[in-house]
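This is entry.cif. It holds mmCIF, C-alpha atoms.
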```
data_target
loop_
_atom_site.label_atom_id
_atom_site.label_comp_id
_atom_site.auth_asym_id
_atom_site.auth_seq_id
_atom_site.Cartn_x
_atom_site.Cartn_y
_atom_site.Cartn_z
CA MET A 1 187.46 173.47 222.56
CA LYS A 2 184.19 175.41 222.52
CA LYS A 3 184.02 178.12 225.17
CA PHE A 4 180.97 179.31 227.08
CA ALA A 5 180.57 182.54 229.02
CA VAL A 6 178.39 181.85 232.08
CA ILE A 7 176.70 184.89 233.65
CA LEU A 8 175.85 184.68 237.37
CA SER A 9 173.74 187.04 239.47
CA GLY A 10 174.84 186.23 243.04
CA CYS A 11 174.66 183.05 245.11
CA GLY A 12 171.27 181.82 246.30
CA VAL A 13 167.85 181.45 244.69
CA TYR A 14 166.03 184.27 246.52
CA ASP A 15 168.54 187.10 246.02
CA GLY A 16 171.09 185.76 243.52
CA ALA A 17 171.84 182.95 241.08
CA GLU A 18 170.00 179.68 241.70
CA ILE A 19 172.82 177.46 242.92
CA HIS A 20 171.66 174.09 241.52
CA GLU A 21 171.03 175.62 238.09
CA ALA A 22 174.41 177.36 238.12
CA VAL A 23 176.35 174.24 239.16
CA MET A 24 174.45 171.99 236.75
CA THR A 25 175.17 174.44 233.90
CA LEU A 26 178.91 174.33 234.65
CA TYR A 27 178.73 170.54 234.92
CA ALA A 28 176.86 170.19 231.61
CA ILE A 29 179.41 172.37 229.79
CA ALA A 30 182.38 170.39 231.16
CA LYS A 31 180.68 167.02 230.64
CA GLU A 32 180.05 167.89 226.97
CA GLY A 33 183.74 168.64 226.45
CA ALA A 34 183.50 172.42 226.37
CA GLU A 35 185.01 174.97 228.74
CA TYR A 36 183.65 178.01 230.56
CA GLN A 37 184.53 181.38 232.02
CA ILE A 38 182.18 182.75 234.67
CA PHE A 39 181.23 186.45 234.81
CA ALA A 40 179.10 188.64 237.08
CA PRO A 41 178.58 192.39 237.28
CA ASP A 42 180.46 194.27 240.01
CA ILE A 43 177.33 195.82 241.55
CA ASP A 44 175.43 195.63 244.84
CA GLN A 45 172.67 193.06 245.17
CA HIS A 46 169.15 194.50 245.28
CA HIS A 47 168.87 193.04 248.79
CA VAL A 48 169.93 190.08 250.94
CA ILE A 49 167.43 187.36 251.83
CA ASN A 50 167.85 185.00 254.79
CA HIS A 51 167.26 181.72 252.94
CA TYR A 52 166.29 179.94 256.18
CA SER A 53 163.54 182.36 257.29
CA GLY A 54 162.74 183.91 253.90
CA LYS A 55 163.04 187.40 255.42
CA GLU A 56 165.14 190.32 254.24
CA MET A 57 168.40 190.88 256.15
CA ASN A 58 169.92 194.23 257.02
CA GLU A 59 173.06 193.57 254.97
CA LYS A 60 174.73 194.60 251.73
CA ARG A 61 176.34 192.09 249.40
CA ASN A 62 178.04 192.42 246.00
CA VAL A 63 176.94 190.33 243.02
CA LEU A 64 180.48 189.63 241.77
CA ILE A 65 181.81 188.71 245.22
CA GLU A 66 178.90 186.39 246.05
CA SER A 67 178.91 184.80 242.57
CA ALA A 68 182.59 184.02 243.20
CA ARG A 69 181.40 181.45 245.78
CA ILE A 70 179.87 179.33 243.02
CA ALA A 71 182.91 180.01 240.80
CA ARG A 72 185.44 179.03 243.53
CA GLY A 73 187.08 182.42 242.89
CA LYS A 74 187.53 181.86 239.14
CA ILE A 75 185.33 184.69 237.92
CA LYS A 76 185.68 187.98 236.02
CA PRO A 77 183.70 191.22 236.22
CA LEU A 78 181.11 191.31 233.43
CA SER A 79 182.73 194.57 232.24
CA LYS A 80 185.64 192.41 230.96
CA PHE A 81 183.41 190.28 228.72
CA ASN A 82 184.33 190.27 225.02
CA GLN A 83 182.25 188.20 222.60
CA LYS A 84 185.39 187.43 220.54
CA ASP A 85 186.58 185.10 223.31
CA PHE A 86 183.44 182.96 223.34
CA ASP A 87 181.38 180.59 221.21
CA ALA A 88 178.28 180.85 223.40
CA LEU A 89 176.77 182.64 226.40
CA ILE A 90 174.50 181.06 229.02
CA MET A 91 172.56 182.40 232.01
CA PRO A 92 171.33 180.20 234.87
CA GLY A 93 168.29 181.55 236.76
CA GLY A 94 167.42 182.62 240.29
CA PHE A 95 165.80 185.82 241.54
CA GLY A 96 169.16 187.57 241.10
CA VAL A 97 168.43 187.68 237.37
CA ALA A 98 165.17 189.54 238.06
CA LYS A 99 166.47 191.67 240.96
CA ASN A 100 170.18 192.29 240.30
CA LEU A 101 170.73 191.86 236.54
CA SER A 102 167.41 193.58 235.83
CA ASP A 103 164.40 194.90 237.74
CA PHE A 104 162.00 192.43 236.10
CA ALA A 105 160.85 191.21 239.56
CA PHE A 106 159.52 194.69 240.30
CA LYS A 107 158.60 196.20 236.92
CA GLY A 108 157.75 193.18 234.76
CA ALA A 109 157.58 194.04 231.06
CA ASP A 110 158.70 197.63 231.80
CA CYS A 111 161.96 196.41 233.32
CA SER A 112 165.40 197.67 232.42
CA VAL A 113 168.38 195.36 232.06
CA ASN A 114 171.91 195.84 233.40
CA GLU A 115 173.84 197.63 230.62
CA GLU A 116 176.80 195.22 230.67
CA LEU A 117 174.49 192.23 230.35
CA LYS A 118 172.45 193.93 227.63
CA ASN A 119 175.61 194.64 225.63
CA ALA A 120 176.90 191.09 226.12
CA LEU A 121 173.62 189.60 224.88
CA LEU A 122 173.41 191.95 221.89
CA GLU A 123 177.04 191.31 220.91
CA MET A 124 176.48 187.54 220.92
CA TYR A 125 173.24 187.96 218.99
CA LYS A 126 174.81 190.20 216.33
CA ASN A 127 177.64 187.73 215.87
CA LYS A 128 175.20 184.82 215.52
CA LYS A 129 176.50 182.96 218.54
CA PRO A 130 174.11 180.83 220.64
CA ILE A 131 172.55 182.28 223.79
CA GLY A 132 171.20 179.93 226.47
CA ALA A 133 168.92 180.84 229.37
CA LEU A 134 167.42 178.84 232.26
CA CYS A 135 164.47 179.46 234.59
CA ILE A 136 163.54 183.19 234.66
CA SER A 137 166.52 184.30 232.50
CA PRO A 138 164.61 183.74 229.21
CA ALA A 139 162.41 186.73 230.13
CA ILE A 140 165.48 188.98 230.19
CA VAL A 141 166.68 187.58 226.88
CA ALA A 142 163.23 188.33 225.41
CA LYS A 143 163.47 191.90 226.70
CA VAL A 144 166.87 192.47 225.05
CA ILE A 145 166.40 190.53 221.80
CA GLN A 146 163.16 191.59 220.16
CA GLY A 147 161.00 188.81 218.75
CA ALA A 148 162.69 185.99 220.67
CA THR A 149 160.80 182.74 221.23
CA VAL A 150 161.58 181.34 224.68
CA THR A 151 160.16 179.24 227.51
CA ILE A 152 159.71 180.01 231.18
CA GLY A 153 157.62 176.87 231.69
CA THR A 154 153.93 177.38 232.46
CA ASP A 155 153.74 180.60 234.51
CA LYS A 156 151.01 182.73 232.94
CA GLU A 157 152.00 186.09 234.39
CA THR A 158 155.60 185.80 233.21
CA ALA A 159 154.43 184.54 229.82
CA LYS A 160 152.20 187.62 229.47
CA ALA A 161 155.11 189.92 230.33
CA ILE A 162 157.24 188.19 227.68
CA GLU A 163 154.54 188.83 225.07
CA LYS A 164 154.25 192.45 226.18
CA MET A 165 158.01 192.81 225.65
CA GLY A 166 157.66 191.55 222.09
CA GLY A 167 158.62 187.92 222.65
CA LYS A 168 156.79 184.61 222.52
CA ASN A 169 156.58 182.01 225.30
CA GLU A 170 156.25 178.30 224.58
CA ILE A 171 154.85 176.11 227.37
CA THR A 172 157.28 173.36 228.44
CA ASN A 173 157.65 170.55 230.92
CA ASN A 174 160.71 169.63 233.01
CA GLY A 175 163.92 169.24 231.01
CA GLU A 176 162.47 170.45 227.70
CA VAL A 177 164.31 172.98 225.56
CA ILE A 178 162.80 175.57 223.25
CA VAL A 179 165.01 176.35 220.27
CA ASP A 180 164.60 179.67 218.48
CA LYS A 181 166.69 178.77 215.42
CA ASN A 182 166.56 182.19 213.77
CA ASN A 183 167.75 184.01 216.83
CA LYS A 184 169.94 181.15 218.15
CA ILE A 185 168.25 181.29 221.55
CA TYR A 186 167.98 178.13 223.72
CA THR A 187 165.82 178.11 226.84
CA THR A 188 164.61 175.61 229.48
CA PRO A 189 162.31 176.18 232.47
CA CYS A 190 164.19 174.53 235.41
CA TYR A 191 162.88 175.82 238.77
CA MET A 192 160.20 177.97 237.09
CA LEU A 193 158.40 174.61 237.30
CA ASP A 194 157.97 172.32 240.30
CA ALA A 195 161.23 170.46 239.63
CA THR A 196 163.70 168.11 241.30
CA ILE A 197 167.46 168.52 241.19
CA VAL A 198 167.51 165.69 238.61
CA ASP A 199 165.14 167.75 236.41
CA ILE A 200 167.54 170.70 236.73
CA ALA A 201 170.52 168.56 235.70
CA ASN A 202 168.56 167.24 232.70
CA GLY A 203 167.40 170.71 231.65
CA ALA A 204 170.91 172.16 231.89
CA LEU A 205 172.39 169.24 229.96
CA ASN A 206 169.72 169.41 227.25
CA VAL A 207 170.12 173.14 226.71
CA VAL A 208 173.93 172.96 226.62
CA LYS A 209 173.84 170.01 224.19
CA ALA A 210 171.44 171.87 221.87
CA MET A 211 173.71 174.94 221.93
CA ILE A 212 176.83 172.89 221.13
CA ASP A 213 175.03 171.25 218.20
CA ASP A 214 174.48 174.77 216.83
CA MET A 215 178.14 175.91 216.98
CA MET B 1 162.87 155.06 249.75
CA LYS B 2 166.29 155.29 251.39
CA LYS B 3 166.88 158.57 253.18
CA PHE B 4 170.15 160.46 253.56
CA ALA B 5 170.96 163.21 256.03
CA VAL B 6 173.27 165.72 254.33
CA ILE B 7 175.33 167.95 256.64
CA LEU B 8 176.40 171.34 255.32
CA SER B 9 178.85 173.85 256.81
CA GLY B 10 177.92 177.10 255.06
CA CYS B 11 177.94 178.16 251.41
CA GLY B 12 181.29 178.63 249.66
CA VAL B 13 184.54 176.69 249.55
CA TYR B 14 186.73 179.08 251.59
CA ASP B 15 184.46 179.63 254.60
CA GLY B 16 181.64 177.10 254.20
CA ALA B 17 180.48 174.04 252.31
CA GLU B 18 182.05 173.52 248.88
CA ILE B 19 179.12 174.29 246.59
CA HIS B 20 179.89 171.89 243.73
CA GLU B 21 180.42 169.00 246.15
CA ALA B 22 177.22 169.82 248.02
CA VAL B 23 175.08 170.10 244.87
CA MET B 24 176.60 166.97 243.31
CA THR B 25 175.92 165.04 246.52
CA LEU B 26 172.24 166.05 246.46
CA TYR B 27 172.10 165.20 242.74
CA ALA B 28 173.70 161.77 243.26
CA ILE B 29 171.24 160.90 246.03
CA ALA B 30 168.20 161.89 243.95
CA LYS B 31 169.57 160.28 240.78
CA GLU B 32 170.03 156.98 242.63
CA GLY B 33 166.38 157.03 243.74
CA ALA B 34 166.95 158.01 247.36
CA GLU B 35 165.85 161.16 249.19
CA TYR B 36 167.59 163.66 251.47
CA GLN B 37 167.12 166.09 254.33
CA ILE B 38 169.75 168.79 254.69
CA PHE B 39 171.05 169.92 258.10
CA ALA B 40 173.51 172.51 259.38
CA PRO B 41 174.38 173.73 262.87
CA ASP B 42 172.85 177.04 263.98
CA ILE B 43 176.22 178.67 264.79
CA ASP B 44 178.31 181.59 263.53
CA GLN B 45 180.83 180.90 260.79
CA HIS B 46 184.47 181.12 261.91
CA HIS B 47 184.84 184.01 259.46
CA VAL B 48 183.66 185.31 256.08
CA ILE B 49 185.98 185.16 253.06
CA ASN B 50 185.53 187.33 249.97
CA HIS B 51 185.71 184.56 247.35
CA TYR B 52 186.73 187.06 244.64
CA SER B 53 189.75 188.58 246.42
CA GLY B 54 190.47 185.72 248.83
CA LYS B 55 190.59 188.21 251.73
CA GLU B 56 188.68 188.11 255.01
CA MET B 57 185.60 190.38 255.21
CA ASN B 58 184.45 192.31 258.26
CA GLU B 59 181.13 190.44 258.44
CA LYS B 60 179.37 187.79 260.48
CA ARG B 61 177.38 185.00 258.88
CA ASN B 62 175.50 182.01 260.30
CA VAL B 63 176.21 178.45 259.11
CA LEU B 64 172.54 177.38 259.05
CA ILE B 65 171.36 180.52 257.25
CA GLU B 66 174.11 180.38 254.59
CA SER B 67 173.71 176.62 254.11
CA ALA B 68 170.03 177.33 253.42
CA ARG B 69 171.15 178.94 250.12
CA ILE B 70 172.29 175.55 248.82
CA ALA B 71 169.19 173.91 250.32
CA ARG B 72 166.77 176.46 248.77
CA GLY B 73 165.39 176.97 252.28
CA LYS B 74 164.66 173.28 252.88
CA ILE B 75 167.01 172.73 255.79
CA LYS B 76 166.85 171.90 259.51
CA PRO B 77 169.10 172.84 262.41
CA LEU B 78 171.51 169.98 263.14
CA SER B 79 170.11 169.93 266.71
CA LYS B 80 166.96 168.35 265.22
CA PHE B 81 168.83 165.40 263.68
CA ASN B 82 167.66 161.95 264.82
CA GLN B 83 169.39 158.87 263.43
CA LYS B 84 166.08 156.96 263.50
CA ASP B 85 164.84 159.04 260.57
CA PHE B 86 167.78 158.17 258.29
CA ASP B 87 169.46 155.28 256.52
CA ALA B 88 172.71 157.15 255.93
CA LEU B 89 174.58 160.39 256.64
CA ILE B 90 176.87 162.22 254.23
CA MET B 91 179.10 165.29 254.49
CA PRO B 92 180.33 167.27 251.47
CA GLY B 93 183.59 169.18 252.01
CA GLY B 94 184.79 172.77 251.93
CA PHE B 95 186.77 174.76 254.50
CA GLY B 96 183.54 175.13 256.51
CA VAL B 97 184.04 171.55 257.67
CA ALA B 98 187.49 172.44 259.02
CA LYS B 99 186.59 175.93 260.30
CA ASN B 100 182.91 175.82 261.32
CA LEU B 101 182.08 172.17 262.05
CA SER B 102 185.49 171.69 263.68
CA ASP B 103 188.74 173.62 264.18
CA PHE B 104 190.78 171.14 262.15
CA ALA B 105 192.04 173.98 259.89
CA PHE B 106 193.74 175.58 262.89
CA LYS B 107 194.57 172.71 265.27
CA GLY B 108 194.99 169.70 262.97
CA ALA B 109 194.99 166.38 264.86
CA ASP B 110 194.25 168.23 268.14
CA CYS B 111 191.00 169.62 266.76
CA SER B 112 187.63 169.43 268.46
CA VAL B 113 184.43 168.69 266.55
CA ASN B 114 181.04 170.42 266.86
CA GLU B 115 179.11 168.46 269.51
CA GLU B 116 175.96 168.09 267.40
CA LEU B 117 177.96 166.71 264.48
CA LYS B 118 179.96 164.42 266.77
CA ASN B 119 176.75 163.00 268.24
CA ALA B 120 175.17 162.57 264.80
CA LEU B 121 178.22 160.66 263.52
CA LEU B 122 178.44 158.47 266.63
CA GLU B 123 174.72 157.68 266.55
CA MET B 124 174.94 156.56 262.91
CA TYR B 125 178.07 154.54 263.67
CA LYS B 126 176.54 152.80 266.70
CA ASN B 127 173.47 151.91 264.66
CA LYS B 128 175.61 150.50 261.83
CA LYS B 129 174.36 152.98 259.25
CA PRO B 130 176.67 154.13 256.44
CA ILE B 131 178.56 157.42 256.79
CA GLY B 132 179.86 159.17 253.66
CA ALA B 133 182.41 161.99 253.53
CA LEU B 134 183.91 164.02 250.68
CA CYS B 135 187.04 166.17 250.41
CA ILE B 136 188.31 167.23 253.86
CA SER B 137 185.31 165.77 255.76
CA PRO B 138 186.93 162.30 256.06
CA ALA B 139 189.45 163.84 258.49
CA ILE B 140 186.62 164.81 260.83
CA VAL B 141 185.07 161.35 260.55
CA ALA B 142 188.46 159.87 261.46
CA LYS B 143 188.64 162.15 264.51
CA VAL B 144 185.21 161.04 265.76
CA ILE B 145 185.29 157.34 264.82
CA GLN B 146 188.50 155.80 266.11
CA GLY B 147 190.30 153.45 263.73
CA ALA B 148 188.48 154.63 260.59
CA THR B 149 190.11 154.05 257.21
CA VAL B 150 189.45 157.01 254.91
CA THR B 151 190.86 158.97 251.98
CA ILE B 152 191.62 162.65 251.60
CA GLY B 153 193.45 162.05 248.32
CA THR B 154 197.21 162.59 248.34
CA ASP B 155 197.83 165.48 250.76
CA LYS B 156 200.63 164.32 253.08
CA GLU B 157 200.03 166.77 255.92
CA THR B 158 196.35 165.90 256.24
CA ALA B 159 197.18 162.18 255.96
CA LYS B 160 199.66 162.54 258.86
CA ALA B 161 197.02 164.29 260.98
CA ILE B 162 194.57 161.45 260.26
CA GLU B 163 197.13 158.90 261.45
CA LYS B 164 197.84 160.98 264.56
CA MET B 165 194.09 160.91 265.32
CA GLY B 166 194.10 157.10 265.14
CA GLY B 167 192.84 156.70 261.57
CA LYS B 168 194.34 155.46 258.35
CA ASN B 169 194.51 157.34 255.03
CA GLU B 170 194.46 155.56 251.68
CA ILE B 171 195.84 157.46 248.67
CA THR B 172 193.24 157.90 245.91
CA ASN B 173 192.79 159.49 242.53
CA ASN B 174 189.80 161.50 241.24
CA GLY B 175 186.45 159.77 241.67
CA GLU B 176 187.78 156.83 243.70
CA VAL B 177 186.03 155.69 246.86
CA ILE B 178 187.62 154.08 249.91
CA VAL B 179 185.29 151.68 251.67
CA ASP B 180 185.87 150.88 255.34
CA LYS B 181 183.52 147.89 255.50
CA ASN B 182 183.85 147.29 259.25
CA ASN B 183 183.01 150.85 260.17
CA LYS B 184 180.67 151.47 257.21
CA ILE B 185 182.59 154.61 256.22
CA TYR B 186 182.72 155.74 252.56
CA THR B 187 185.07 158.51 251.46
CA THR B 188 186.22 160.19 248.24
CA PRO B 189 188.76 163.02 247.74
CA CYS B 190 186.94 165.52 245.45
CA TYR B 191 188.58 168.97 245.59
CA MET B 192 191.34 167.75 247.95
CA LEU B 193 192.84 166.81 244.57
CA ASP B 194 193.25 168.97 241.48
CA ALA B 195 189.80 168.11 240.11
CA THR B 196 187.25 169.25 237.56
CA ILE B 197 183.54 169.60 238.23
CA VAL B 198 183.06 166.33 236.29
CA ASP B 199 185.44 164.60 238.73
CA ILE B 200 183.36 165.98 241.62
CA ALA B 201 180.14 164.64 240.09
CA ASN B 202 181.77 161.23 239.57
CA GLY B 203 183.16 161.13 243.11
CA ALA B 204 179.81 162.09 244.66
CA LEU B 205 177.96 159.53 242.54
CA ASN B 206 180.45 156.76 243.32
CA VAL B 207 180.36 157.34 247.05
CA VAL B 208 176.53 157.55 247.17
CA LYS B 209 176.21 154.37 245.07
CA ALA B 210 178.61 152.49 247.36
CA MET B 211 176.62 153.63 250.41
CA ILE B 212 173.29 152.57 248.90
CA ASP B 213 174.75 149.14 248.10
CA ASP B 214 175.51 148.78 251.82
CA MET B 215 171.98 149.58 253.08
#
```
What's the structure tokens form of this structure?
Amino acid sequence: MKKFAVILSGCGVYDGAEIHEAVMTLYAIAKEGAEYQIFAPDIDQHHVINHYSGKEMNEKRNVLIESARIARGKIKPLSKFNQKDFDALIMPGGFGVAKNLSDFAFKGADCSVNEELKNALLEMYKNKKPIGALCISPAIVAKVIQGATVTIGTDKETAKAIEKMGGKNEITNNGEVIVDKNNKIYTTPCYMLDATIVDIANGALNVVKAMIDDM
Amino acid sequence: MKKFAVILSGCGVYDGAEIHEAVMTLYAIAKEGAEYQIFAPDIDQHHVINHYSGKEMNEKRNVLIESARIARGKIKPLSKFNQKDFDALIMPGGFGVAKNLSDFAFKGADCSVNEELKNALLEMYKNKKPIGALCISPAIVAKVIQGATVTIGTDKETAKAIEKMGGKNEITNNGEVIVDKNNKIYTTPCYMLDATIVDIANGALNVVKAMIDDM
């Protein structure tokens, strides 16, 4: 059975992992007959957003602990990740990717990426194992793996940042996957576009299928 | 377009709405060509559970605000629910149903149910509109609607409580739906059984399809 590592960044689109994308990624992996282990870094979130009002809350939350909500407790700290245990790695999106796993939301192309995530991505890349990324996550992949071709949909500002980081952005519509065969990188735009939950399910399924075909 | 009201109870299986069940319910509704509005009561959670350690945290969280994470902000307080706007109502599961929307987790058959939820269920029932419930939620439906036939899977203790409340439990396997035609109640066990995320998707889809057939 092929095994995916799934990297989460919290629990909620505005300060963590986008929940629909995360759940649809897990669903796609299981539906395609593969299995998964979920990881998240044991670090504080950048901040906590009230998802009803959109305002910041005076609270502290931990990325691993909140990600565990999506994982139903079955999650490991990202520090325990070892590429030998996995055939592929995939990252759903959400602002947590750009606020917790990196500071891309604040620094754009000049961002830095969480060291554990950076190492995980580079280890997979060096060992020629497929990397998948949804929504805003492709920008982080482009930062870590020089010369990557990815998609974040149609957003011009993010596309520019990707080019500045040495990557290339391909424009896509809902559910489409960009395959960078040389680098084994698979990306799909999800909620970077105006999308429905059905679009998210299709995008997650398409990207997971393309990755499995490459194993 | 048929419209579902979806009632959430927080965000996370141990103290709120079960996230996979909630997302798969939204997905099933959209996939079947219907639309949804999400609701949750504007009340404090019973408690906050660290989903990584399983232990209680010294925090307060609000059911509406946390449910908004699953809803991506598109949610209304349950006080604003009006049966006239909807063709059906559905409740995913999670301990939030038994701890926040009721005290079934603590009092079993002697539980009381959140007044707003009780009214919403009774209004749908009186107007002969389908009610769907996943996981532990069927127990709450059985408490509110006397004589309901439901399923919570195979759990004997919960089945006994349902009978004590005047309902009837039918034993089911993963993905199966129990239809109470007279009362227009549709239930499926989901994570009340040992289930995979694919089972949850199937259960949610089957229950939503059965409800749509009855509209």
Non-local contacts of Ile200 (chain B) (12 Å; only C-alpha atoms; under 2 positions in same chain excluded) as a count of residues only: 42
Evaluate the PyMOL selection byres ((chain A) within 6 of (chain B)) and report residues as a list in words: Gly12, Tyr27, His51, Tyr52, Ile65, Ala68, Arg69, Gly73 and Ile197 of chain A
Computed interatomic separation between CA of Phe106 (chain B) and CA of Asp42 (chain B) (Å): 21.0 Å
Selection result of the PyMOL selection byres ((chain B and resi 112) around 9) on this file, as a list of chain:residue names: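 On this input, the PyMOL selection byres ((chain B and resi 112) around 9) captures B:Leu101, B:Ser102, B:Asp103, B:Phe104, B:Lys107, B:Ala109, B:Asp110, B:Cys111, B:Val113, B:Asn114, B:Glu115, B:Ile140, B:Lys143.
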What would the selection look like, as a PDB file with C-alpha atoms, in the frame of the given file, if the PyMOL selection byres ((chain B and resi 157) around 12) were run on the coordinates I just shared?
```pdb
ATOM      1  CA  PHE B 104     190.780 171.140 262.150  1.00  0.00           C
ATOM      2  CA  ALA B 105     192.040 173.980 259.890  1.00  0.00           C
ATOM      3  CA  GLY B 108     194.990 169.700 262.970  1.00  0.00           C
ATOM      4  CA  ALA B 109     194.990 166.380 264.860  1.00  0.00           C
ATOM      5  CA  ILE B 136     188.310 167.230 253.860  1.00  0.00           C
ATOM      6  CA  ALA B 139     189.450 163.840 258.490  1.00  0.00           C
ATOM      7  CA  ILE B 152     191.620 162.650 251.600  1.00  0.00           C
ATOM      8  CA  GLY B 153     193.450 162.050 248.320  1.00  0.00           C
ATOM      9  CA  THR B 154     197.210 162.590 248.340  1.00  0.00           C
ATOM     10  CA  ASP B 155     197.830 165.480 250.760  1.00  0.00           C
ATOM     11  CA  LYS B 156     200.630 164.320 253.080  1.00  0.00           C
ATOM     12  CA  THR B 158     196.350 165.900 256.240  1.00  0.00           C
ATOM     13  CA  ALA B 159     197.180 162.180 255.960  1.00  0.00           C
ATOM     14  CA  LYS B 160     199.660 162.540 258.860  1.00  0.00           C
ATOM     15  CA  ALA B 161     197.020 164.290 260.980  1.00  0.00           C
ATOM     16  CA  ILE B 162     194.570 161.450 260.260  1.00  0.00           C
ATOM     17  CA  GLU B 163     197.130 158.900 261.450  1.00  0.00           C
ATOM     18  CA  LYS B 164     197.840 160.980 264.560  1.00  0.00           C
ATOM     19  CA  ASN B 169     194.510 157.340 255.030  1.00  0.00           C
ATOM     20  CA  MET B 192     191.340 167.750 247.950  1.00  0.00           C
TER      21      MET B 192
END
```
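CA of Met215 (chain B) is positioned 14.1 Å from CA of Gln83 (chain B).
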Would you save region 28-40 of chain A from the block above with N, CA, C and O atoms, as a compact mmCIF listing (two decimals), in the first residue's frame?
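Written file, part.txt:
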```
# COMPACT_ATOMS: atom_id res chain seq x y z
N ALA A 28 -9.31 11.53 -0.68
CA ALA A 28 -8.77 11.13 -1.98
C ALA A 28 -7.72 10.02 -1.81
O ALA A 28 -7.72 9.03 -2.56
N ILE A 29 -6.86 10.17 -0.83
CA ILE A 29 -5.82 9.17 -0.59
C ILE A 29 -6.45 7.81 -0.27
O ILE A 29 -6.09 6.78 -0.85
N ALA A 30 -7.41 7.83 0.66
CA ALA A 30 -8.06 6.57 1.07
C ALA A 30 -8.87 5.96 -0.07
O ALA A 30 -8.85 4.75 -0.29
N LYS A 31 -9.58 6.81 -0.80
CA LYS A 31 -10.42 6.35 -1.92
C LYS A 31 -9.58 5.68 -3.00
O LYS A 31 -10.02 4.72 -3.64
N GLU A 32 -8.36 6.18 -3.20
CA GLU A 32 -7.47 5.64 -4.23
C GLU A 32 -6.65 4.44 -3.72
O GLU A 32 -5.71 4.00 -4.38
N GLY A 33 -7.00 3.97 -2.53
CA GLY A 33 -6.38 2.74 -2.03
C GLY A 33 -5.01 2.93 -1.40
O GLY A 33 -4.28 1.96 -1.18
N ALA A 34 -4.67 4.15 -1.07
CA ALA A 34 -3.41 4.41 -0.38
C ALA A 34 -3.70 4.70 1.10
O ALA A 34 -4.86 4.72 1.52
N GLU A 35 -2.64 4.90 1.88
CA GLU A 35 -2.86 5.24 3.28
C GLU A 35 -2.08 6.51 3.62
O GLU A 35 -1.28 6.99 2.83
N TYR A 36 -2.37 7.08 4.80
CA TYR A 36 -1.72 8.35 5.15
C TYR A 36 -1.33 8.40 6.62
O TYR A 36 -1.92 7.73 7.46
N GLN A 37 -0.32 9.21 6.89
CA GLN A 37 0.02 9.62 8.25
C GLN A 37 0.05 11.15 8.24
O GLN A 37 0.69 11.74 7.37
N ILE A 38 -0.64 11.75 9.19
CA ILE A 38 -0.71 13.21 9.25
C ILE A 38 0.39 13.74 10.18
O ILE A 38 0.67 13.14 11.23
N PHE A 39 0.98 14.85 9.79
CA PHE A 39 2.02 15.53 10.59
C PHE A 39 1.68 17.02 10.70
O PHE A 39 1.03 17.59 9.82
N ALA A 40 2.18 17.64 11.77
CA ALA A 40 2.18 19.11 11.88
C ALA A 40 3.30 19.51 12.81
O ALA A 40 3.66 18.74 13.72
```
